[in-house]
file entry_27.cif (mmCIF, C-alpha atoms)
data_start
loop_
_atom_site.group_PDB
_atom_site.id
_atom_site.type_symbol
_atom_site.label_atom_id
_atom_site.label_comp_id
_atom_site.auth_asym_id
_atom_site.auth_seq_id
_atom_site.Cartn_x
_atom_site.Cartn_y
_atom_site.Cartn_z
ATOM 1 C CA MET V 1 75.234 -28.187 72.527
ATOM 2 C CA PRO V 2 74.966 -30.288 69.353
ATOM 3 C CA ASP V 3 71.655 -31.359 67.870
ATOM 4 C CA THR V 4 71.550 -34.686 66.030
ATOM 5 C CA ASP V 5 69.108 -36.893 64.149
ATOM 6 C CA ALA V 6 69.310 -40.653 64.434
ATOM 7 C CA ALA V 7 67.220 -43.691 63.590
ATOM 8 C CA MET V 8 69.690 -45.845 65.541
ATOM 9 C CA LEU V 9 72.167 -44.435 68.045
ATOM 10 C CA THR V 10 74.927 -46.886 68.879
ATOM 11 C CA ASP V 11 77.111 -45.997 71.873
ATOM 12 C CA SER V 12 76.931 -42.355 70.799
ATOM 13 C CA ASN V 13 76.052 -41.257 74.292
ATOM 14 C CA SER V 14 78.414 -43.275 76.479
ATOM 15 C CA THR V 15 81.689 -41.873 77.754
ATOM 16 C CA PRO V 16 84.677 -44.273 77.741
ATOM 17 C CA ALA V 17 84.421 -44.537 81.510
ATOM 18 C CA GLU V 18 80.733 -45.443 81.310
ATOM 19 C CA ALA V 19 81.393 -48.011 78.601
ATOM 20 C CA GLY V 20 84.040 -49.619 80.745
ATOM 21 C CA GLN V 21 81.763 -49.725 83.757
ATOM 22 C CA ALA V 22 79.017 -51.336 81.698
ATOM 23 C CA ALA V 23 81.425 -53.920 80.315
ATOM 24 C CA VAL V 24 82.508 -55.131 83.733
ATOM 25 C CA ALA V 25 79.136 -54.766 85.453
ATOM 26 C CA SER V 26 77.000 -57.832 85.799
ATOM 27 C CA VAL V 27 73.800 -57.542 83.790
ATOM 28 C CA ASN V 28 72.043 -59.060 86.781
ATOM 29 C CA GLU V 29 72.891 -56.107 89.022
ATOM 30 C CA CYS V 30 70.002 -54.344 90.673
ATOM 31 C CA VAL V 31 67.891 -52.047 88.499
ATOM 32 C CA THR V 32 65.902 -49.336 90.257
ATOM 33 C CA VAL V 33 62.986 -47.178 89.165
ATOM 34 C CA LYS V 34 62.247 -44.064 91.234
ATOM 35 C CA PHE V 35 59.339 -41.633 90.937
ATOM 36 C CA TRP V 36 60.344 -37.993 91.455
ATOM 37 C CA GLY V 37 57.078 -36.506 90.170
ATOM 38 C CA VAL V 38 53.737 -38.265 89.679
ATOM 39 C CA ARG V 39 51.212 -35.508 88.846
ATOM 40 C CA GLY V 40 49.821 -34.428 85.512
ATOM 41 C CA SER V 41 48.973 -30.965 84.160
ATOM 42 C CA VAL V 42 50.100 -28.721 87.032
ATOM 43 C CA PRO V 43 51.980 -29.088 90.349
ATOM 44 C CA THR V 44 49.637 -29.602 93.296
ATOM 45 C CA PRO V 45 51.392 -28.810 96.573
ATOM 46 C CA GLY V 46 49.269 -28.812 99.699
ATOM 47 C CA ALA V 47 48.133 -30.665 102.772
ATOM 48 C CA ASP V 48 45.830 -32.960 100.790
ATOM 49 C CA THR V 49 48.543 -34.264 98.422
ATOM 50 C CA VAL V 50 51.396 -35.103 100.809
ATOM 51 C CA ARG V 51 51.042 -38.893 100.577
ATOM 52 C CA TYR V 52 51.143 -39.110 96.786
ATOM 53 C CA GLY V 53 53.063 -35.913 96.071
ATOM 54 C CA GLY V 54 52.473 -32.785 94.040
ATOM 55 C CA ASN V 55 55.369 -32.608 91.561
ATOM 56 C CA THR V 56 54.756 -33.233 87.864
ATOM 57 C CA ALA V 57 56.095 -36.094 85.775
ATOM 58 C CA CYS V 58 59.659 -37.328 86.243
ATOM 59 C CA VAL V 59 60.779 -40.958 86.541
ATOM 60 C CA GLU V 60 64.379 -42.163 86.936
ATOM 61 C CA ILE V 61 65.669 -45.599 85.935
ATOM 62 C CA GLN V 62 69.132 -46.639 87.091
ATOM 63 C CA LEU V 63 70.804 -49.487 85.236
ATOM 64 C CA PRO V 64 74.385 -50.745 85.481
ATOM 65 C CA GLY V 65 76.452 -47.918 83.986
ATOM 66 C CA HIS V 66 73.491 -45.705 83.036
ATOM 67 C CA ARG V 67 71.002 -43.254 84.529
ATOM 68 C CA LEU V 68 67.853 -42.704 82.432
ATOM 69 C CA VAL V 69 65.339 -39.952 83.189
ATOM 70 C CA PHE V 70 61.888 -39.851 81.617
ATOM 71 C CA ASP V 71 60.222 -36.434 81.352
ATOM 72 C CA GLY V 72 61.257 -33.230 83.059
ATOM 73 C CA GLY V 73 58.297 -31.972 85.070
ATOM 74 C CA THR V 74 58.901 -30.289 88.422
ATOM 75 C CA GLY V 75 60.059 -33.643 89.804
ATOM 76 C CA LEU V 76 63.251 -33.090 87.763
ATOM 77 C CA ARG V 77 64.167 -30.193 90.046
ATOM 78 C CA VAL V 78 63.938 -32.512 93.070
ATOM 79 C CA LEU V 79 66.036 -35.159 91.317
ATOM 80 C CA GLY V 80 68.615 -32.483 90.492
ATOM 81 C CA LYS V 81 68.772 -31.401 94.128
ATOM 82 C CA HIS V 82 69.366 -35.015 95.161
ATOM 83 C CA LEU V 83 72.165 -35.412 92.618
ATOM 84 C CA LEU V 84 73.855 -32.174 93.691
ATOM 85 C CA GLU V 85 73.820 -33.274 97.323
ATOM 86 C CA ALA V 86 75.721 -36.428 96.333
ATOM 87 C CA GLY V 87 78.618 -34.224 95.212
ATOM 88 C CA GLN V 88 79.568 -36.459 92.259
ATOM 89 C CA PRO V 89 79.778 -35.764 88.503
ATOM 90 C CA VAL V 90 76.443 -36.435 86.833
ATOM 91 C CA SER V 91 75.791 -38.163 83.529
ATOM 92 C CA ALA V 92 72.299 -39.082 82.325
ATOM 93 C CA HIS V 93 70.077 -39.776 79.330
ATOM 94 C CA ILE V 94 66.914 -37.618 79.474
ATOM 95 C CA PHE V 95 63.934 -38.741 77.366
ATOM 96 C CA PHE V 96 60.920 -36.500 76.737
ATOM 97 C CA THR V 97 57.621 -38.101 75.743
ATOM 98 C CA HIS V 98 56.327 -34.727 74.498
ATOM 99 C CA THR V 99 56.585 -31.084 75.544
ATOM 100 C CA HIS V 100 53.381 -30.217 77.365
ATOM 101 C CA TRP V 101 54.275 -28.055 80.352
ATOM 102 C CA ASP V 102 53.937 -30.848 82.887
ATOM 103 C CA ARG V 103 56.758 -32.674 81.049
ATOM 104 C CA ILE V 104 59.260 -29.802 80.685
ATOM 105 C CA GLN V 105 58.588 -27.215 83.407
ATOM 106 C CA GLY V 106 61.281 -28.610 85.719
ATOM 107 C CA PHE V 107 64.038 -28.502 83.105
ATOM 108 C CA PRO V 108 65.051 -24.840 83.696
ATOM 109 C CA PHE V 109 65.488 -25.685 87.399
ATOM 110 C CA PHE V 110 67.601 -28.826 86.906
ATOM 111 C CA GLY V 111 70.686 -27.802 88.882
ATOM 112 C CA PRO V 112 73.207 -30.344 87.518
ATOM 113 C CA ALA V 113 72.698 -28.976 83.985
ATOM 114 C CA PHE V 114 74.352 -25.706 85.052
ATOM 115 C CA ILE V 115 77.589 -27.351 86.233
ATOM 116 C CA ALA V 116 80.553 -27.820 83.894
ATOM 117 C CA GLY V 117 81.765 -31.393 83.695
ATOM 118 C CA ASN V 118 78.319 -32.950 83.864
ATOM 119 C CA HIS V 119 77.048 -34.659 80.716
ATOM 120 C CA PHE V 120 73.496 -35.096 79.411
ATOM 121 C CA ASP V 121 72.048 -36.690 76.296
ATOM 122 C CA VAL V 122 68.560 -35.307 75.646
ATOM 123 C CA TYR V 123 66.064 -37.101 73.397
ATOM 124 C CA GLY V 124 62.733 -36.014 71.946
ATOM 125 C CA ALA V 125 60.618 -36.136 68.801
ATOM 126 C CA THR V 126 60.348 -33.322 66.286
ATOM 127 C CA ALA V 127 57.135 -31.332 66.773
ATOM 128 C CA ALA V 128 54.384 -31.096 64.158
ATOM 129 C CA ASN V 129 55.653 -27.590 63.286
ATOM 130 C CA GLY V 130 59.188 -28.912 62.739
ATOM 131 C CA ALA V 131 60.651 -27.683 66.034
ATOM 132 C CA SER V 132 63.314 -29.939 67.524
ATOM 133 C CA ILE V 133 63.451 -30.904 71.183
ATOM 134 C CA LYS V 134 66.346 -28.463 71.581
ATOM 135 C CA GLN V 135 64.313 -25.613 70.067
ATOM 136 C CA ARG V 136 61.360 -26.231 72.358
ATOM 137 C CA LEU V 137 63.431 -26.459 75.531
ATOM 138 C CA THR V 138 65.307 -23.326 74.440
ATOM 139 C CA ASP V 139 62.090 -21.397 73.763
ATOM 140 C CA GLN V 140 60.764 -22.214 77.233
ATOM 141 C CA MET V 141 63.782 -20.495 78.788
ATOM 142 C CA LEU V 142 63.635 -17.279 76.756
ATOM 143 C CA ARG V 143 62.296 -14.003 78.115
ATOM 144 C CA PRO V 144 59.590 -13.175 79.036
ATOM 145 C CA ASN V 145 58.981 -16.790 80.094
ATOM 146 C CA PHE V 146 62.249 -17.272 81.986
ATOM 147 C CA PHE V 147 65.246 -15.197 83.027
ATOM 148 C CA THR V 148 68.123 -17.606 82.298
ATOM 149 C CA PRO V 149 68.612 -18.928 78.745
ATOM 150 C CA LEU V 150 69.473 -22.541 78.057
ATOM 151 C CA GLN V 151 72.887 -21.415 76.804
ATOM 152 C CA LYS V 152 73.814 -20.664 80.441
ATOM 153 C CA MET V 153 73.706 -24.373 81.198
ATOM 154 C CA SER V 154 77.427 -25.141 81.498
ATOM 155 C CA SER V 155 77.167 -28.931 81.310
ATOM 156 C CA THR V 156 77.933 -30.812 78.117
ATOM 157 C CA MET V 157 74.543 -31.367 76.503
ATOM 158 C CA LYS V 158 73.834 -33.302 73.325
ATOM 159 C CA PHE V 159 70.359 -33.252 71.774
ATOM 160 C CA HIS V 160 68.972 -36.157 69.741
ATOM 161 C CA ASN V 161 65.955 -35.863 67.450
ATOM 162 C CA ILE V 162 64.227 -39.231 67.609
ATOM 163 C CA ALA V 163 61.032 -40.657 66.128
ATOM 164 C CA ALA V 164 58.662 -43.564 66.601
ATOM 165 C CA GLY V 165 60.386 -46.777 65.585
ATOM 166 C CA ASN V 166 63.849 -45.675 66.658
ATOM 167 C CA ILE V 167 65.956 -47.947 68.863
ATOM 168 C CA ILE V 168 68.582 -46.177 70.937
ATOM 169 C CA ARG V 169 71.427 -48.500 71.912
ATOM 170 C CA LEU V 170 73.225 -47.405 75.084
ATOM 171 C CA ASP V 171 75.525 -50.440 75.244
ATOM 172 C CA ASP V 172 75.505 -54.156 74.439
ATOM 173 C CA HIS V 173 72.908 -54.813 77.152
ATOM 174 C CA VAL V 174 70.657 -51.737 77.140
ATOM 175 C CA THR V 175 68.360 -50.428 74.400
ATOM 176 C CA VAL V 176 65.487 -47.947 74.446
ATOM 177 C CA GLU V 177 62.710 -48.416 71.891
ATOM 178 C CA ALA V 178 60.432 -45.471 71.012
ATOM 179 C CA ILE V 179 56.904 -45.796 69.674
ATOM 180 C CA SER V 180 54.062 -43.363 68.945
ATOM 181 C CA LEU V 181 51.215 -43.512 71.466
ATOM 182 C CA ASN V 182 49.113 -40.416 70.815
ATOM 183 C CA SER V 183 48.741 -38.643 67.483
ATOM 184 C CA ALA V 184 46.983 -35.685 69.134
ATOM 185 C CA THR V 185 49.962 -34.837 71.372
ATOM 186 C CA SER V 186 52.715 -36.545 69.326
ATOM 187 C CA ALA V 187 53.628 -38.366 72.535
ATOM 188 C CA LEU V 188 56.175 -41.166 72.478
ATOM 189 C CA GLY V 189 56.261 -44.224 74.687
ATOM 190 C CA PHE V 190 59.524 -45.949 75.612
ATOM 191 C CA ARG V 191 60.540 -49.538 76.322
ATOM 192 C CA VAL V 192 63.840 -49.976 78.130
ATOM 193 C CA ASN V 193 65.299 -53.433 77.455
ATOM 194 C CA TYR V 194 68.090 -54.816 79.613
ATOM 195 C CA ALA V 195 69.349 -58.356 80.188
ATOM 196 C CA GLY V 196 66.200 -59.897 78.760
ATOM 197 C CA LYS V 197 63.898 -57.726 80.896
ATOM 198 C CA SER V 198 61.904 -54.588 80.131
ATOM 199 C CA VAL V 199 60.537 -51.467 81.794
ATOM 200 C CA VAL V 200 57.949 -49.508 79.803
ATOM 201 C CA TYR V 201 57.126 -45.815 80.255
ATOM 202 C CA ALA V 202 53.885 -45.061 78.409
ATOM 203 C CA THR V 203 51.873 -42.257 79.943
ATOM 204 C CA ASP V 204 49.885 -40.507 77.231
ATOM 205 C CA SER V 205 48.217 -43.313 75.321
ATOM 206 C CA TYR V 206 45.025 -42.719 73.360
ATOM 207 C CA ASN V 207 42.162 -45.081 74.217
ATOM 208 C CA ALA V 208 39.543 -45.624 71.551
ATOM 209 C CA ASP V 209 36.131 -47.249 71.955
ATOM 210 C CA GLY V 210 37.562 -50.456 70.556
ATOM 211 C CA GLY V 211 39.908 -50.865 73.498
ATOM 212 C CA PRO V 212 43.558 -50.163 74.299
ATOM 213 C CA ASP V 213 45.840 -48.743 71.629
ATOM 214 C CA PRO V 214 47.490 -51.668 69.760
ATOM 215 C CA SER V 215 50.779 -49.744 69.858
ATOM 216 C CA LEU V 216 50.626 -49.710 73.644
ATOM 217 C CA LEU V 217 49.873 -53.437 73.780
ATOM 218 C CA TYR V 218 52.853 -54.099 71.523
ATOM 219 C CA LEU V 219 55.195 -51.848 73.508
ATOM 220 C CA ALA V 220 54.290 -53.252 76.914
ATOM 221 C CA GLN V 221 53.900 -56.933 76.109
ATOM 222 C CA ALA V 222 55.281 -59.125 78.930
ATOM 223 C CA ALA V 223 57.266 -56.283 80.497
ATOM 224 C CA GLU V 224 58.456 -56.518 84.090
ATOM 225 C CA LEU V 225 57.041 -53.044 84.776
ATOM 226 C CA LEU V 226 54.630 -50.733 82.954
ATOM 227 C CA VAL V 227 54.406 -47.112 84.105
ATOM 228 C CA TYR V 228 51.095 -45.890 82.728
ATOM 229 C CA GLY V 229 48.898 -42.792 82.774
ATOM 230 C CA GLY V 230 46.372 -41.837 85.438
ATOM 231 C CA THR V 231 43.182 -43.747 86.107
ATOM 232 C CA TYR V 232 39.688 -42.654 87.182
ATOM 233 C CA SER V 233 37.168 -44.536 89.286
ATOM 234 C CA GLU V 234 34.142 -45.543 87.222
ATOM 235 C CA PRO V 235 31.791 -42.789 88.549
ATOM 236 C CA VAL V 236 34.411 -40.079 87.942
ATOM 237 C CA TYR V 237 35.301 -41.506 84.541
ATOM 238 C CA ALA V 238 31.653 -41.306 83.517
ATOM 239 C CA SER V 239 31.664 -37.591 84.358
ATOM 240 C CA VAL V 240 34.675 -36.503 82.280
ATOM 241 C CA GLY V 241 32.751 -36.353 79.028
ATOM 242 C CA GLY V 242 34.516 -39.016 76.991
ATOM 243 C CA ASP V 243 37.997 -37.520 77.188
ATOM 244 C CA PRO V 244 40.067 -40.022 75.132
ATOM 245 C CA GLN V 245 43.025 -39.572 77.485
ATOM 246 C CA ALA V 246 40.985 -40.387 80.588
ATOM 247 C CA ILE V 247 41.445 -43.988 81.682
ATOM 248 C CA SER V 248 38.877 -45.974 83.630
ATOM 249 C CA CYS V 249 39.623 -48.791 86.058
ATOM 250 C CA GLU V 250 38.211 -51.251 83.550
ATOM 251 C CA GLN V 251 40.554 -50.008 80.830
ATOM 252 C CA SER V 252 43.613 -50.171 83.078
ATOM 253 C CA ILE V 253 42.778 -53.710 84.128
ATOM 254 C CA ALA V 254 42.281 -54.704 80.481
ATOM 255 C CA ILE V 255 45.725 -53.315 79.607
ATOM 256 C CA ALA V 256 47.364 -55.224 82.461
ATOM 257 C CA GLU V 257 45.661 -58.459 81.417
ATOM 258 C CA LYS V 258 46.300 -58.124 77.690
ATOM 259 C CA THR V 259 49.948 -57.163 78.055
ATOM 260 C CA GLN V 260 50.614 -59.688 80.844
ATOM 261 C CA VAL V 261 52.926 -57.241 82.597
ATOM 262 C CA LYS V 262 54.243 -58.372 85.958
ATOM 263 C CA GLU V 263 53.552 -54.992 87.563
ATOM 264 C CA MET V 264 51.697 -51.883 86.393
ATOM 265 C CA ILE V 265 52.087 -48.539 88.155
ATOM 266 C CA LEU V 266 49.574 -45.772 87.435
ATOM 267 C CA PHE V 267 50.872 -42.223 87.604
ATOM 268 C CA HIS V 268 50.276 -38.762 86.096
ATOM 269 C CA HIS V 269 47.547 -38.257 88.697
ATOM 270 C CA ASN V 270 44.884 -35.660 88.000
ATOM 271 C CA PRO V 271 45.516 -32.462 90.025
ATOM 272 C CA ARG V 272 41.916 -32.604 91.293
ATOM 273 C CA HIS V 273 42.505 -35.989 92.919
ATOM 274 C CA ASP V 274 43.657 -35.668 96.526
ATOM 275 C CA ASP V 275 45.252 -38.331 98.720
ATOM 276 C CA ASP V 276 41.945 -39.697 99.992
ATOM 277 C CA TYR V 277 40.549 -40.130 96.483
ATOM 278 C CA LEU V 278 43.736 -41.868 95.329
ATOM 279 C CA ASP V 279 43.704 -44.159 98.380
ATOM 280 C CA HIS V 280 40.197 -45.337 97.509
ATOM 281 C CA LEU V 281 41.091 -45.680 93.835
ATOM 282 C CA GLU V 282 44.140 -47.803 94.583
ATOM 283 C CA MET V 283 42.167 -50.049 96.911
ATOM 284 C CA GLU V 284 39.483 -50.545 94.275
ATOM 285 C CA ILE V 285 41.831 -51.314 91.422
ATOM 286 C CA HIS V 286 44.397 -53.366 93.379
ATOM 287 C CA ASN V 287 41.699 -55.620 94.794
ATOM 288 C CA ARG V 288 40.513 -56.387 91.290
ATOM 289 C CA CYS V 289 43.979 -56.692 89.703
ATOM 290 C CA PRO V 290 46.841 -57.341 92.157
ATOM 291 C CA GLN V 291 49.614 -56.217 89.797
ATOM 292 C CA LEU V 292 48.138 -52.695 89.654
ATOM 293 C CA ARG V 293 49.212 -49.948 92.064
ATOM 294 C CA LEU V 294 49.404 -46.148 92.122
ATOM 295 C CA ALA V 295 52.657 -44.202 92.034
ATOM 296 C CA ARG V 296 53.747 -42.085 94.980
ATOM 297 C CA GLU V 297 56.446 -39.456 94.887
ATOM 298 C CA GLY V 298 59.625 -41.050 96.235
ATOM 299 C CA MET V 299 58.469 -44.614 95.447
ATOM 300 C CA THR V 300 61.386 -46.874 94.484
ATOM 301 C CA LEU V 301 60.933 -50.202 92.694
ATOM 302 C CA GLN V 302 63.325 -52.979 91.694
ATOM 303 C CA PRO V 303 61.641 -54.792 88.780
#

call {"tool": "encode", "arguments": {"input": "entry_27.cif", "output": "C-alpha cells"}}
result
Amino acid sequence: MPDTDAAMLTDSNSTPAEAGQAAVASVNECVTVKFWGVRGSVPTPGADTVRYGGNTACVEIQLPGHRLVFDGGTGLRVLGKHLLEAGQPVSAHIFFTHTHWDRIQGFPFFGPAFIAGNHFDVYGATAANGASIKQRLTDQMLRPNFFTPLQKMSSTMKFHNIAAGNIIRLDDHVTVEAISLNSATSALGFRVNYAGKSVVYATDSYNADGGPDPSLLYLAQAAELLVYGGTYSEPVYASVGGDPQAISCEQSIAIAEKTQVKEMILFHHNPRHDDDYLDHLEMEIHNRCPQLRLAREGMTLQP
C-alpha cells in the first residue's frame, strides 16, 4: 500500500482500462452526485431522522470513467454494501477533507477494500503533527480501537499526501483542485472540474465576522453544484455561542449569491436536528433562495 506525495498527479491513478474508457466516453455523459451520509459529528439513527438519514459524511460523484468518493463517514459502509451487491470489480478515488471521526469512521467497514482485485487511490492532507493520511487511517484500525488492521484490506490501495493548492489530474477531462478552508481543523475543500463544469465539496469552512471565507468564494465561483456544511435557523444560530463553524441562513444565502452557484446543497446536519426541524429549515431557506436545498441520504443529483 504505497504512500506518495504529489503537488500534481497526472494519470497516476488510472488503470489502462479506465484510461481507455475515459478516452472513448463522451464528456457530455451524465454525471451523478449521490449522498450516502449527510450527518455531522455522530451517526443519528432513529425514528426522527428517517427522512434525512443518520449516517455521517460520504458523497459519491460518478463521472465518465471515474468514481470519486468524498469523506468516509458511516455512509461509506452503505456505499460499500451497494457496490458489493453489484458484483463488479471496484475502482475509486477517495478524498478526505480531514480526519475527524465523522469523516473516517466508516472506512474500517468499507467492504470493497477487503477484496483482492479492487483498486483505491486515497487522498488526504498531512496533519499538523506530520501524520500522513495513511498513518491516521491505520491508527484508527489498531487495537484497542478496532480488531482488524488496515493491512488486512486485500485491495490494491495507494495513498497520496496532498496539500492546499494541489491539482489532481485524473484524465484529460477531469481534475480535482484542493484548497484550505479551515486552519483550525486543517480541512480541505475540493473542486471537481469536468468538461467545463464544476462540482464543489466544501463542508468545513470557517466563517469570520467579515463574511464568507474568500477561499470558499474562490473555490465555488460559478460552480454547477456546491455541497456545503450544515445551516442553522436564525434563532438556533443565535443560541450556539458564536461557533465559527455554525452557519446561519443569512450566511448560506450570502455564499450562494456571491459565488453564483447554480445549486447549493446543505449537508453535515447537526445530530440534534431531527426531520421536522430540517423540514422547516429547508422551507425557510429555499423560499428565500431557490437554489438552496438540504441533503437527504440517498439523494441523487445530475448537475

call {"tool": "resolve_selection", "arguments": {"input": "entry_27.cif", "expression": "the PyMOL selection byres ((chain V and resi 176-182) around 7)", "output": "MDAnalysis selection string"}}
result
chainID V and resid 163:169 174:175 183:193 204:206 215:216

call {"tool": "atom_distance", "arguments": {"input": "entry_27.cif", "atom1": "atom CA of V:Asn145", "atom2": "atom CA of V:Arg103"}}
result
16.1 Å

call {"tool": "atom_distance", "arguments": {"input": "entry_27.cif", "atom1": "atom CA of V:Ala222", "atom2": "atom CA of V:Cys289"}}
result
15.8 Å

call {"tool": "resolve_selection", "arguments": {"input": "entry_27.cif", "expression": "the PyMOL selection byres ((chain V and resi 122-129) around 9)", "output": "list in words"}}
result
Ala92, His93, Ile94, Phe95, Phe96, Thr97, His98, Thr99, Phe120, Asp121, Gly130, Ala131, Ser132, Ile133, Lys134, Arg136, Met157, Lys158, Phe159, His160, Asn161, Ile162, Ala163, Ala164, Ser186, Ala187 and Leu188 of chain V

call {"tool": "axis_aligned_box", "arguments": {"input": "entry_27.cif", "around": "stretch 188-197 of chain V", "padding_each_side": "3 Å", "output": "JSON"}}
result
{"center_x": 62.8, "center_y": -50.5, "center_z": 76.7, "size_x": 19.2, "size_y": 24.7, "size_z": 14.4}

call {"tool": "atom_distance", "arguments": {"input": "entry_27.cif", "atom1": "atom CA of V:Asp48", "atom2": "atom CA of V:Cys249"}}
result
22.5 Å

call {"tool": "closest_residue", "arguments": {"input": "entry_27.cif", "among": "V:Val59, V:Leu266, V:Gln105, V:His173", "to": "V:Ala295", "atoms": "all atoms listed in the file"}}
result
V:Leu266

call {"tool": "residues_around", "arguments": {"input": "entry_27.cif", "residues": "V:Ala116", "least_positions_apart": "3", "cutoff": "8 Å", "atoms": "all atoms listed in the file", "output": "mmCIF file with C-alpha atoms, in the frame of the given file"}}
result
data_model
loop_
_atom_site.group_PDB
_atom_site.id
_atom_site.type_symbol
_atom_site.label_atom_id
_atom_site.label_comp_id
_atom_site.auth_asym_id
_atom_site.auth_seq_id
_atom_site.Cartn_x
_atom_site.Cartn_y
_atom_site.Cartn_z
ATOM 1 C CA ALA V 113 72.698 -28.976 83.985
ATOM 2 C CA SER V 154 77.427 -25.141 81.498
ATOM 3 C CA SER V 155 77.167 -28.931 81.310
ATOM 4 C CA THR V 156 77.933 -30.812 78.117
#

call {"tool": "closest_residue", "arguments": {"input": "entry_27.cif", "among": "V:Arg288, V:His82, V:His100, V:His280", "to": "V:Ala254", "atoms": "all atoms listed in the file"}}
result
V:Arg288

call {"tool": "residues_around", "arguments": {"input": "entry_27.cif", "residues": "V:Cys30", "least_positions_apart": "6", "cutoff": "8 Å", "atoms": "all atoms listed in the file", "output": "short mmCIF file (atom, residue, chain, number, x, y, z; two decimals) with C-alpha atoms, keeping the file's coordinate frame"}}
result
data_model
loop_
_atom_site.label_atom_id
_atom_site.label_comp_id
_atom_site.auth_asym_id
_atom_site.auth_seq_id
_atom_site.Cartn_x
_atom_site.Cartn_y
_atom_site.Cartn_z
CA LEU V 63 70.80 -49.49 85.24
CA PRO V 64 74.39 -50.74 85.48
CA GLN V 302 63.32 -52.98 91.69
#

call {"tool": "closest_residue", "arguments": {"input": "entry_27.cif", "among": "V:Met141, V:Val261, V:Leu278, V:Cys58", "to": "V:Gln291", "atoms": "all atoms listed in the file"}}
result
V:Val261

call {"tool": "residues_around", "arguments": {"input": "entry_27.cif", "residues": "V:Thr300", "least_positions_apart": "5", "cutoff": "8 Å", "atoms": "all atoms listed in the file", "output": "mmCIF file with C-alpha atoms, in the coordinates of the input"}}
result
data_model
loop_
_atom_site.group_PDB
_atom_site.id
_atom_site.type_symbol
_atom_site.label_atom_id
_atom_site.label_comp_id
_atom_site.auth_asym_id
_atom_site.auth_seq_id
_atom_site.Cartn_x
_atom_site.Cartn_y
_atom_site.Cartn_z
ATOM 1 C CA THR V 32 65.902 -49.336 90.257
ATOM 2 C CA VAL V 33 62.986 -47.178 89.165
ATOM 3 C CA LYS V 34 62.247 -44.064 91.234
ATOM 4 C CA PHE V 35 59.339 -41.633 90.937
#

call {"tool": "resolve_selection", "arguments": {"input": "entry_27.cif", "expression": "the PyMOL selection byres ((chain V and resi 285) around 12)", "output": "ChimeraX atom specification"}}
result
/V:231-234,248-254,256,264-266,278-284,286-294

call {"tool": "write_last_selection", "arguments": {"input": "entry_27.cif", "atoms": "C-alpha atoms", "output": "CSV table (one decimal), in the coordinates of the input"}}
result
chain,number,residue,atom,x,y,z
V,231,THR,CA,43.2,-43.7,86.1
V,232,TYR,CA,39.7,-42.7,87.2
V,233,SER,CA,37.2,-44.5,89.3
V,234,GLU,CA,34.1,-45.5,87.2
V,248,SER,CA,38.9,-46.0,83.6
V,249,CYS,CA,39.6,-48.8,86.1
V,250,GLU,CA,38.2,-51.3,83.6
V,251,GLN,CA,40.6,-50.0,80.8
V,252,SER,CA,43.6,-50.2,83.1
V,253,ILE,CA,42.8,-53.7,84.1
V,254,ALA,CA,42.3,-54.7,80.5
V,256,ALA,CA,47.4,-55.2,82.5
V,264,MET,CA,51.7,-51.9,86.4
V,265,ILE,CA,52.1,-48.5,88.2
V,266,LEU,CA,49.6,-45.8,87.4
V,278,LEU,CA,43.7,-41.9,95.3
V,279,ASP,CA,43.7,-44.2,98.4
V,280,HIS,CA,40.2,-45.3,97.5
V,281,LEU,CA,41.1,-45.7,93.8
V,282,GLU,CA,44.1,-47.8,94.6
V,283,MET,CA,42.2,-50.0,96.9
V,284,GLU,CA,39.5,-50.5,94.3
V,286,HIS,CA,44.4,-53.4,93.4
V,287,ASN,CA,41.7,-55.6,94.8
V,288,ARG,CA,40.5,-56.4,91.3
V,289,CYS,CA,44.0,-56.7,89.7
V,290,PRO,CA,46.8,-57.3,92.2
V,291,GLN,CA,49.6,-56.2,89.8
V,292,LEU,CA,48.1,-52.7,89.7
V,293,ARG,CA,49.2,-49.9,92.1
V,294,LEU,CA,49.4,-46.1,92.1

call {"tool": "closest_residue", "arguments": {"input": "entry_27.cif", "among": "V:Leu301, V:Pro89, V:Asp3, V:Gln221", "to": "V:Ile115", "atoms": "only C-alpha atoms"}}
result
V:Pro89

call {"tool": "closest_residue", "arguments": {"input": "entry_27.cif", "among": "V:Asn55, V:Ser41, V:Asn118, V:Gln151", "to": "V:Glu297", "atoms": "only C-alpha atoms"}}
result
V:Asn55

call {"tool": "residues_near_point", "arguments": {"input": "entry_27.cif", "point": "(47.1, -27.9, 85.2)", "cutoff": "12 Å", "atoms": "only C-alpha atoms", "output": "count of residues only"}}
result
20

call {"tool": "closest_residue", "arguments": {"input": "entry_27.cif", "among": "V:Val38, V:Met153, V:Ile61, V:Val78", "to": "V:Thr138", "atoms": "all atoms listed in the file"}}
result
V:Met153

call {"tool": "build_atoms", "arguments": {"input": "entry_27.cif", "residues": "stretch 51-57 of chain V", "atoms": "N, CA and C atoms", "output": "PDB file, in the coordinates of the input"}}
result
ATOM      1  N   ARG V  51      50.748 -37.462 100.647  1.00  0.00           N
ATOM      2  CA  ARG V  51      51.042 -38.893 100.577  1.00  0.00           C
ATOM      3  C   ARG V  51      51.436 -39.327  99.170  1.00  0.00           C
ATOM      4  N   TYR V  52      50.825 -38.731  98.166  1.00  0.00           N
ATOM      5  CA  TYR V  52      51.143 -39.110  96.786  1.00  0.00           C
ATOM      6  C   TYR V  52      52.087 -38.123  96.116  1.00  0.00           C
ATOM      7  N   GLY V  53      52.143 -36.898  96.617  1.00  0.00           N
ATOM      8  CA  GLY V  53      53.063 -35.913  96.071  1.00  0.00           C
ATOM      9  C   GLY V  53      52.410 -34.979  95.082  1.00  0.00           C
ATOM     10  N   GLY V  54      53.051 -33.814  94.901  1.00  0.00           N
ATOM     11  CA  GLY V  54      52.473 -32.785  94.040  1.00  0.00           C
ATOM     12  C   GLY V  54      53.319 -32.383  92.856  1.00  0.00           C
ATOM     13  N   ASN V  55      54.522 -32.967  92.695  1.00  0.00           N
ATOM     14  CA  ASN V  55      55.369 -32.608  91.561  1.00  0.00           C
ATOM     15  C   ASN V  55      54.925 -33.316  90.289  1.00  0.00           C
ATOM     16  N   THR V  56      55.154 -32.661  89.151  1.00  0.00           N
ATOM     17  CA  THR V  56      54.756 -33.233  87.864  1.00  0.00           C
ATOM     18  C   THR V  56      55.828 -34.190  87.327  1.00  0.00           C
ATOM     19  N   ALA V  57      55.489 -34.844  86.236  1.00  0.00           N
ATOM     20  CA  ALA V  57      56.095 -36.094  85.775  1.00  0.00           C
ATOM     21  C   ALA V  57      57.616 -36.099  85.683  1.00  0.00           C
TER      22      ALA V  57
END
